[in-house]
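Novice: Would you mind keeping the following structure in view while I ask a few things?
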Amino acid sequence: MTAAPASLGRRRTLWAGHTRSAYALRRSARLLVSLALLLTATFFMIHLVPGDPVRAALGPTAPASLVAERKAALGLDKPLVTQYVDYIGNVLHGDFGTSLISGESVTEMIQQRGPSTLKLGGIAFLVAILVAVPLGILMAALTRDSRRRGAELGFTAMTGAIAAIPSFLIAVALVYLFAVTIHLFPVAGRAGFSSYVLPVAALALAPIASLSRIVRVEGLRVLDQDYIRTARGKRLPSRIVYVRHALPNTLTPTLTVAGLLLGGLIAGTVLVENIFAWPGLGTTLVQSVAEKDYPTVQAVAVVFGVVVLLANFAVDIALGVIDPRSTILDT
Amino acid sequence: MSEPSSSSFRRALRTPVGVASTLGLLAIIVLAIVAPILWSADAAHLDILNASQGSSRAHPLGTDALGRDILYRVLVATRLSVTLAVVAAGLGALLGIPFGAVPALVGGRIGRLASGLINLSVAFPALLVAIFVAAVIGVGSHGAVIGIAVATAPYFARLSQTLSSSVAGSEYLAAARMLGVGKPRLLARHILPNVAEPLLITMTIAAGDALLALAGLSFLGLGVQPPQYDWGRMLSEGLDRIYVTPIVALGPAVAITLGALTFSLFGEVLAKAAAGGGVRRWQRAEIGAAAVAPARPARREAAPAGDVLAVDGLTVSFPGGSVPVRGVSFEVAPGEIVGIVGESGSGKTLTAMAIADLLPASARLEASRLALFGQDPRMLGDAQRRRLLGRSLAVVYQDPMSALNPALRIGTQLAEVAEVHDGASKTVARERAADRLRSVRIGSPEARLRQYPHEFSGGMRQRAVIAMGLMSEPKLIIADEPTTALDVTVQQQILRLLREVSVSGGAAAILISHDVAVVSQLCKRVLVMYAGRVVEELDVDTLVRVPAHPYTAALVAAVPTMESDRARPLASIPGRAPSPYDDAPGCPFAPRCPRASSRCLEEMPPLERRSATHRAACWHPLEDGTAAGFGTVEGVAV
């Protein structure tokens with residue numbers, strides 16, 4: 001008697017598993033194509049530089065022999081196809097060549113500086129999510145059914161203003177407030193917990209503002225749904241109504257927006273690192289662009305690009321996993 | 001722009017944000033034109049003696065390393081900062097718009113490739129793209145502008161992709177083509193006006209973003225190079241001195257913020273005007289005291305102490321003057337199944353939700369008496385009320401598709417009731433949930449508990465909702481149109497199940513339906529509601545044979561039976577029910593009633609007792625139960 005429905009259930013899950021893996025496969029294919037395009041674009045970057053990139057980097061006073069030597073080291077004297085194949089092969093092996101300026105290994109530089117940027121961006125992203133989601137849900141709960149219009153107005157005005165101010169201005173303001181005026185936190189460098197506070201706050205504030213707005217609007221939408229009335233009809237305590245019944249249904253749009261914000265957050269690290277003299281890839285990037293150190297610029301472009309693509313991929317996969325109806329699986 | 005949109009545009013500009021952003025934008029434009037003419041010399045004046053100073057009378061925002069006045073420099077820098085931003089945004093539009101039109105114009109493989117590229121490029125952060133492009137072109141304002149243009153282009157491409165596909169598929173374009181309108185004319189007269197508005201909005205917002213991005217690049221030393229200066233470069237110079245003279249960073253920072261904010265706010269105002277949402281009005285009117293009829297119950301004797309539910313003069317109102325439930329009174333005895341019938345909008349669902357304490361927050365409930373299981377829930381504290389209602393009251397909702405939480409497993413949604421109200425452990429709660437699923441005849445309940453609502457059929461979901469109500473032992477089940485959203489074959493099963501659970505558990509039930517046939521199957525006693533009032537209360541036998549109220553008779557006549565002549569149109573009641581805002585004196589049914597007299601229009605008939613089980617509110621009740629005047633009129637079917 002129980003055999004038939006049980007097998008039915010199993011078949012359903014099997015089927016669901018099948019669409020899931022098909023979805024994961026499609027997304028992986030898209031990721032691979034995107035990565036290929038990224039590598040191709042960064043390869044051509046150095047070839048699009050008007051004139052002779054090596055001469056431009058070394059300056060007009062550099063001896064011709066040195067220019068030729070660096071050119072040979074970069075492989076710029078080989079046919080384009082060979083260069084392309086070499087470049088892809090090298091990058092896949094984690095070899096980004098040597099710096100035009102210092103002659104040092106770019107790979108080593110990235111290994112040295114990459115983690116501190118990743119740490120800064122990752123912590124800022126986590127902080128943004130951990131603050132914005134509860135804040136948004138709380139505001140939705142407080143302002144549902146057009147209650148507390150004053151609080152609603154204050155919240156939207158405040159978050160609107162913060163979201164509009166770019167992270168580097170927030171950073172400058174934070175430096176002024178906390179480092180110059182009340183000397184609470186160090187203003188530059190990376191040394192221990194307190195050095196993280198200001199850069200992380202500068203990076204996370206704007207995403208917190210925009211994300212909590214989205215979460216609140218989504219929360220209001222969800223709180224208006226029939227199943228929330230059902231949950232209230234079960235006389236569950238508000239904590240359970242909000243956390244167990246409302247929150248999971250706001251996750252999909254929240255995660256989608258968070259994925260979009262992640263890109264801006266990564267870009268923000270470049271500016272924020274420069275303000276706080278953070279020893280990361282952002283400071284390296286700015287310096288290498290100014291010095292026309294093309295191999296370094298290329299490498300940082302690849303690293304940032306890969307991080308953005310992987311983050312988007314992770315968000316897509318997470319969306320497929322958390323949404324039980326899995327509407328996204330058809331896309 | 002057409003007439004209505006220009007008026008909504010004007011209205012949007014008149015809002016505080018509209019006024020502020022318009023004035024701000026004008027100020028920026030004027031400054032960009034005038035400031036370099038007026039103050040270039042002052043901004044370039046070297047005052048070496050006062051170099052690197054903070055705020056002073058002569059230099060309110062301080063001086064730079066060469067003693068030049070920062071205030072003048074900020075004002076003069078407006079032109080370069082804004083011009084570069086606008087040029088960058090315009091270039092981005094020029095690059096992106098044609099590219100975005102490719103999928104709609106070309107289609108096929110190339111179109112798909114183009115749209116794939118657009119989707120991919122939007123994913124990359126604009127500032128990073130700008131930096132890399134600037135690296136290729138060379139550090140300086142040219143590189144920065146082109147970099148930002150390239151970085152902005154994908155957003156314009158995405159916009160033009162959406163617009164072109166929607167315009168290309170539009171009917172007016174097809175019609176114009178059919179009329180033989182030439183291509184240039186098609187573009188100028190039919191396509192451009194339809195895309196101009198969103199493009200303008202995006203341009204404005206993009207200019208604001210470009211302003212920020214340029215400031216960022218200059219701030220990093222990758223944008224405007226000396227001797228030229230813009231706000232970003234000035235901010236970076238100011239930051240170096242923030243410990244000594246913080247004021248010098250203030251001017252440029254404020255300028256960047258205000259500039260970018262003005263553009264983005266103006267863009268938002270434009271967007272709001274385009275959406276026609278410039279103004280929001282709040283209409284609030286007090287509910288007239290006359291709206292609520294002083295409803296004294298016809299039955300005067302005290303309700304038996306054992307009543308599961310007793311309400312007297314229940315009125316539900318909303319801000320704005322809507323009173324959808326007006327003075328409803330009735331009782332429900334233990335184990336009794338009471339039906340409430342009426343057209344949609346008659347107030348039956350709100351009556352049920354008022355009893356279940358599930359009214360929307362804006363609703364106001366009034367009742368001279370409200371007793372659930374002998375207690376007035378209004379008098380109880382939150383925790384007590386939750387305990388009373390959570391354990392003794394179960395609600396079955398109209399649409400099982402939306403009543404269950406799509407993100408939670410069925411098991412969680414059932415088990416939590418026992419966990420919360422009876423403090424049951426996870427295992428015990430789960431066992432009970434499986435048992436309740438079994439009792440509503442859902443096979444292999446253990447497996448079903450692990451599934452999500454979307455894996456259940458409609459009928460099964462309604463069974464699950466009923467099972468959820470049975471998790472505690474309810475003394476009253478309120479079923480609000482429980483079969484309306486279901487297939488006819490499933491309807492019967494659900495009704496039978498409801499009767500079973502009521503009988504076996506000894507629970508009373510209130511069954512709400514617009515369908516007399518459904519109610520008469522399950523109930524002994526029926527309340528007929530019309531325009532928020534109970535117009536008749538009677539037993540099912542009387543309902544079917546000799547109803548007194550013409551409205552009840554019309555409802556009964558509208559039910560097709562096996563003997564109905566299929567060739568004739570279904571019976572229906574002509575006219576429409578009054579709205580909950582209506583506040584006319586007299587019987588609300590009078591305008592639709594064939595028996596109505598002048599008295600009916602002037603005076604509300606009281607709910608009068610006709611027999612031990614029968615009350616009706618009518619000045620001219622039917623004596624033989626025939627629905628005179630109804631039966632063949634075509635109109636809105638009941």
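Chain labels follow the order of the structure tokens: the first chain is A, the next B, and so on; residue numbering restarts at 1 in every chain, and ligands are counted from 1 in their shown order.
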Hey, what's within 8 Å of Ala433 (chain B) if we count only C-alpha atoms and toss same-chain stuff fewer than 4 positions away? As a ChimeraX atom specification, please?
Specialist: /B:411,414-415,429,437,449,467-468,471
Novice: Mind checking which residues fall within 7 Å of region 390-396 of chain B, counting only C-alpha atoms, ignoring those fewer than 3 positions away in the same chain, and posting them as a list in words?
Specialist: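 Once the adjacent positions are removed, what remains is Gly233, Lys234 and Arg235 of chain A; Arg386, Arg387, His421, Val465, Ile466, Gly469, Ser472, Glu473, Pro474, Lys475, Leu476, Ile477, Ile478, Ala479, Asp480 and Pro482 of chain B.
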Novice: Excluding region 214-220 of chain A and its own-chain neighbours fewer than 6 positions away, which residues fall within 7 Å of it when counting only C-alpha atoms? Please give them as a ChimeraX atom specification.
Specialist: /A:133,136-137,139-140,144,246,250,254
Novice: Export, as a compact mmCIF listing (two decimals), in the first residue's frame, the selected residues with N, CA and C atoms.
Specialist:
```
# COMPACT_ATOMS: atom_id res chain seq x y z
N VAL A 133 20.01 42.02 6.00
CA VAL A 133 18.84 41.12 5.99
C VAL A 133 18.00 41.28 7.26
N GLY A 136 16.38 44.78 7.17
CA GLY A 136 15.28 44.88 6.20
C GLY A 136 14.03 44.19 6.71
N ILE A 137 14.19 42.98 7.26
CA ILE A 137 13.04 42.23 7.77
C ILE A 137 12.40 42.98 8.94
N MET A 139 12.48 46.19 9.51
CA MET A 139 11.76 47.35 9.01
C MET A 139 10.46 46.95 8.33
N ALA A 140 10.49 45.82 7.62
CA ALA A 140 9.25 45.33 6.98
C ALA A 140 8.21 45.01 8.05
N ARG A 144 4.75 47.26 8.18
CA ARG A 144 3.74 46.58 7.37
C ARG A 144 2.37 47.22 7.57
N ALA A 246 8.57 33.96 6.89
CA ALA A 246 8.75 35.08 5.95
C ALA A 246 10.17 35.07 5.36
N THR A 250 12.08 35.53 1.21
CA THR A 250 12.72 36.74 0.70
C THR A 250 14.13 36.42 0.21
N THR A 254 16.79 38.51 -2.47
CA THR A 254 17.89 39.07 -1.70
C THR A 254 19.23 38.60 -2.24
```
Novice: Near chain B, meaning an atom within 6 Å, which residues of chain A appear when counting only C-alpha atoms? Write them as an MDAnalysis selection string.
Specialist: chainID A and resid 2 49 180 226:227 230 234:235 263:264 267 289
Novice: Taking the DSSP assignment computed from this structure's backbone, write out as an NGL selection string all residues of region 381-480 of chain B that belong to strand (DSSP E).
Specialist: :B and (393-396 or 476-480)
Novice: Taking only C-alpha atoms into account, name the residue in A:Val85, A:Ile240, A:Ile162, A:Val172 that is nearest to Asn274 (chain A).
Specialist: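 Of all the options, A:Val172 lies closest to Asn274 (chain A).
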Novice: I want to know what sits within 12 Å of Thr284 (chain A), based on only C-alpha atoms, with residues of the same chain fewer than 5 positions away left out; could you give that as a CSV table (one decimal) with N, CA and C atoms, in the first residue's frame?
Specialist:
```csv
chain,number,residue,atom,x,y,z
A,99,SER,N,56.8,41.4,-14.1
A,99,SER,CA,56.5,42.9,-14.2
A,99,SER,C,57.4,43.6,-15.1
A,106,VAL,N,54.9,38.3,-11.4
A,106,VAL,CA,53.6,38.8,-11.1
A,106,VAL,C,52.8,37.8,-10.3
A,109,MET,N,53.5,38.3,-6.7
A,109,MET,CA,52.8,39.5,-6.2
A,109,MET,C,51.4,39.2,-5.9
A,110,ILE,N,50.7,38.5,-6.8
A,110,ILE,CA,49.3,38.2,-6.6
A,110,ILE,C,49.1,37.3,-5.4
A,112,GLN,N,50.9,37.2,-2.9
A,112,GLN,CA,51.1,38.0,-1.6
A,112,GLN,C,50.0,39.0,-1.3
A,113,ARG,N,49.4,39.6,-2.3
A,113,ARG,CA,48.5,40.7,-2.1
A,113,ARG,C,47.0,40.3,-2.2
A,114,GLY,N,46.8,39.2,-3.0
A,114,GLY,CA,45.4,38.8,-3.3
A,114,GLY,C,44.7,38.5,-2.0
A,116,SER,N,44.7,39.5,1.0
A,116,SER,CA,44.3,40.6,1.9
A,116,SER,C,43.1,41.4,1.3
A,117,THR,N,43.1,41.4,-0.1
A,117,THR,CA,42.0,42.0,-0.8
A,117,THR,C,40.7,41.1,-0.6
A,269,THR,N,36.7,47.9,-3.5
A,269,THR,CA,38.0,47.6,-2.8
A,269,THR,C,39.1,48.4,-3.4
A,270,VAL,N,39.1,48.7,-4.7
A,270,VAL,CA,40.2,49.4,-5.3
A,270,VAL,C,40.3,50.8,-4.7
A,271,LEU,N,39.2,51.5,-4.6
A,271,LEU,CA,39.3,52.8,-4.0
A,271,LEU,C,39.5,52.8,-2.5
A,273,GLU,N,41.0,50.5,-0.7
A,273,GLU,CA,42.4,50.1,-0.4
A,273,GLU,C,43.3,51.3,-0.6
A,274,ASN,N,43.1,52.1,-1.6
A,274,ASN,CA,44.0,53.3,-1.8
A,274,ASN,C,43.8,54.3,-0.7
A,277,ALA,N,45.5,52.8,2.4
A,277,ALA,CA,46.8,52.2,2.2
A,277,ALA,C,46.8,50.7,2.5
A,278,TRP,N,45.8,50.0,2.0
A,278,TRP,CA,45.6,48.6,2.3
A,278,TRP,C,46.6,47.8,1.3
A,279,PRO,N,47.4,46.9,1.9
A,279,PRO,CA,48.3,46.2,1.0
A,279,PRO,C,47.7,45.1,0.1
A,289,VAL,N,48.7,50.6,-13.3
A,289,VAL,CA,48.1,51.3,-14.4
A,289,VAL,C,48.9,52.6,-14.6
A,290,ALA,N,49.2,53.3,-13.5
A,290,ALA,CA,49.9,54.6,-13.6
A,290,ALA,C,51.3,54.3,-14.2
A,291,GLU,N,51.9,53.2,-13.9
A,291,GLU,CA,53.3,52.9,-14.4
A,291,GLU,C,53.3,52.2,-15.7
A,292,LYS,N,52.1,51.9,-16.3
A,292,LYS,CA,52.0,51.2,-17.5
A,292,LYS,C,52.7,49.8,-17.4
A,293,ASP,N,52.5,49.2,-16.3
A,293,ASP,CA,53.1,47.9,-16.1
A,293,ASP,C,52.0,46.9,-16.6
A,294,TYR,N,52.0,46.7,-17.9
A,294,TYR,CA,50.9,45.9,-18.5
A,294,TYR,C,50.7,44.5,-18.0
A,295,PRO,N,51.8,43.7,-17.9
A,295,PRO,CA,51.5,42.4,-17.4
A,295,PRO,C,50.8,42.3,-16.0
A,296,THR,N,51.2,43.3,-15.1
A,296,THR,CA,50.5,43.3,-13.8
A,296,THR,C,49.1,43.7,-14.0
A,297,VAL,N,48.8,44.7,-14.8
A,297,VAL,CA,47.4,45.1,-15.0
A,297,VAL,C,46.6,43.9,-15.5
A,298,GLN,N,47.2,43.2,-16.5
A,298,GLN,CA,46.6,42.0,-17.1
A,298,GLN,C,46.2,41.0,-16.0
A,299,ALA,N,47.2,40.7,-15.2
A,299,ALA,CA,47.0,39.7,-14.2
A,299,ALA,C,45.9,40.1,-13.2
A,300,VAL,N,45.9,41.4,-12.8
A,300,VAL,CA,44.9,41.8,-11.8
A,300,VAL,C,43.5,41.8,-12.5
A,301,ALA,N,43.5,42.1,-13.8
A,301,ALA,CA,42.2,42.1,-14.5
A,301,ALA,C,41.7,40.6,-14.5
B,220,LEU,N,42.1,58.5,-7.8
B,220,LEU,CA,43.1,57.5,-7.8
B,220,LEU,C,44.3,57.9,-8.6
```
Novice: Name all residues at most 8 Å from region 79-96 of chain B (count only C-alpha atoms; drop same-chain ones fewer than 4 positions away) and give them as a VMD selection string.
Specialist: chain B and resid 31 to 33 35 to 36 100 141 145 to 146 148 to 158 160 203 206 to 208 210 to 211 214 to 215 229 to 231
Novice: Any chance you could export the current selection's N, CA and C atoms as a compact mmCIF listing (two decimals), in the first residue's frame?
Specialist:
```txt
# COMPACT_ATOMS: atom_id res chain seq x y z
N LEU B 31 26.60 77.12 -12.97
CA LEU B 31 27.97 77.16 -12.43
C LEU B 31 28.96 76.69 -13.48
N ALA B 32 28.61 75.62 -14.19
CA ALA B 32 29.53 75.06 -15.18
C ALA B 32 29.83 76.09 -16.26
N ILE B 33 28.83 76.90 -16.59
CA ILE B 33 29.03 77.90 -17.65
C ILE B 33 29.76 79.12 -17.08
N ALA B 35 31.16 79.84 -13.77
CA ALA B 35 32.25 79.84 -12.81
C ALA B 35 33.64 80.04 -13.44
N PRO B 36 33.98 79.28 -14.51
CA PRO B 36 35.32 79.48 -15.08
C PRO B 36 35.52 80.89 -15.62
N GLY B 100 22.91 47.26 -28.52
CA GLY B 100 21.77 46.60 -27.88
C GLY B 100 20.64 46.33 -28.85
N SER B 141 42.56 62.41 -18.81
CA SER B 141 41.12 62.59 -18.89
C SER B 141 40.53 61.86 -20.09
N VAL B 145 37.54 59.19 -19.66
CA VAL B 145 36.22 59.37 -20.29
C VAL B 145 35.88 58.15 -21.15
N ILE B 146 36.84 57.72 -21.96
CA ILE B 146 36.56 56.57 -22.82
C ILE B 146 36.34 55.31 -21.98
N ILE B 148 35.11 55.14 -18.96
CA ILE B 148 33.78 55.18 -18.36
C ILE B 148 32.70 54.96 -19.42
N ALA B 149 32.94 55.50 -20.61
CA ALA B 149 31.98 55.29 -21.69
C ALA B 149 31.85 53.80 -21.99
N VAL B 150 32.98 53.11 -22.10
CA VAL B 150 32.94 51.67 -22.39
C VAL B 150 32.25 50.93 -21.24
N ALA B 151 32.53 51.37 -20.01
CA ALA B 151 31.94 50.69 -18.86
C ALA B 151 30.44 50.94 -18.77
N THR B 152 29.97 52.12 -19.25
CA THR B 152 28.55 52.45 -19.19
C THR B 152 27.78 51.80 -20.34
N ALA B 153 28.48 51.59 -21.45
CA ALA B 153 27.82 51.10 -22.66
C ALA B 153 26.95 49.86 -22.42
N PRO B 154 27.42 48.87 -21.65
CA PRO B 154 26.56 47.68 -21.47
C PRO B 154 25.19 48.00 -20.88
N TYR B 155 25.10 49.01 -19.99
CA TYR B 155 23.81 49.34 -19.40
C TYR B 155 22.87 49.92 -20.45
N PHE B 156 23.45 50.79 -21.34
CA PHE B 156 22.63 51.32 -22.42
C PHE B 156 22.25 50.20 -23.39
N ALA B 157 23.20 49.29 -23.63
CA ALA B 157 22.91 48.18 -24.53
C ALA B 157 21.78 47.33 -23.97
N ARG B 158 21.82 47.06 -22.67
CA ARG B 158 20.77 46.26 -22.03
C ARG B 158 19.43 46.96 -22.19
N SER B 160 18.55 49.29 -24.46
CA SER B 160 18.09 49.35 -25.84
C SER B 160 17.67 47.97 -26.31
N MET B 203 20.01 58.27 -19.35
CA MET B 203 21.10 59.22 -19.59
C MET B 203 21.40 60.04 -18.33
N ALA B 206 22.92 57.86 -15.72
CA ALA B 206 24.27 57.48 -16.14
C ALA B 206 25.24 58.65 -15.97
N ALA B 207 24.75 59.88 -16.22
CA ALA B 207 25.63 61.04 -16.05
C ALA B 207 26.04 61.17 -14.58
N GLY B 208 25.09 60.92 -13.66
CA GLY B 208 25.41 60.95 -12.24
C GLY B 208 26.45 59.90 -11.88
N ALA B 210 28.55 58.52 -13.94
CA ALA B 210 29.82 58.87 -14.58
C ALA B 210 30.56 59.93 -13.77
N LEU B 211 29.80 60.85 -13.19
CA LEU B 211 30.41 61.88 -12.35
C LEU B 211 31.17 61.24 -11.19
N LEU B 214 34.23 59.21 -12.57
CA LEU B 214 35.33 60.10 -12.94
C LEU B 214 36.03 60.64 -11.70
N ALA B 215 35.22 61.03 -10.72
CA ALA B 215 35.81 61.51 -9.48
C ALA B 215 36.68 60.42 -8.88
N TYR B 229 42.34 70.34 -13.19
CA TYR B 229 41.86 69.78 -11.92
C TYR B 229 40.35 69.61 -11.94
N ASP B 230 39.90 68.53 -11.35
CA ASP B 230 38.46 68.32 -11.16
C ASP B 230 38.24 67.96 -9.70
N TRP B 231 36.97 67.69 -9.34
CA TRP B 231 36.66 67.46 -7.93
C TRP B 231 37.39 66.24 -7.36
```
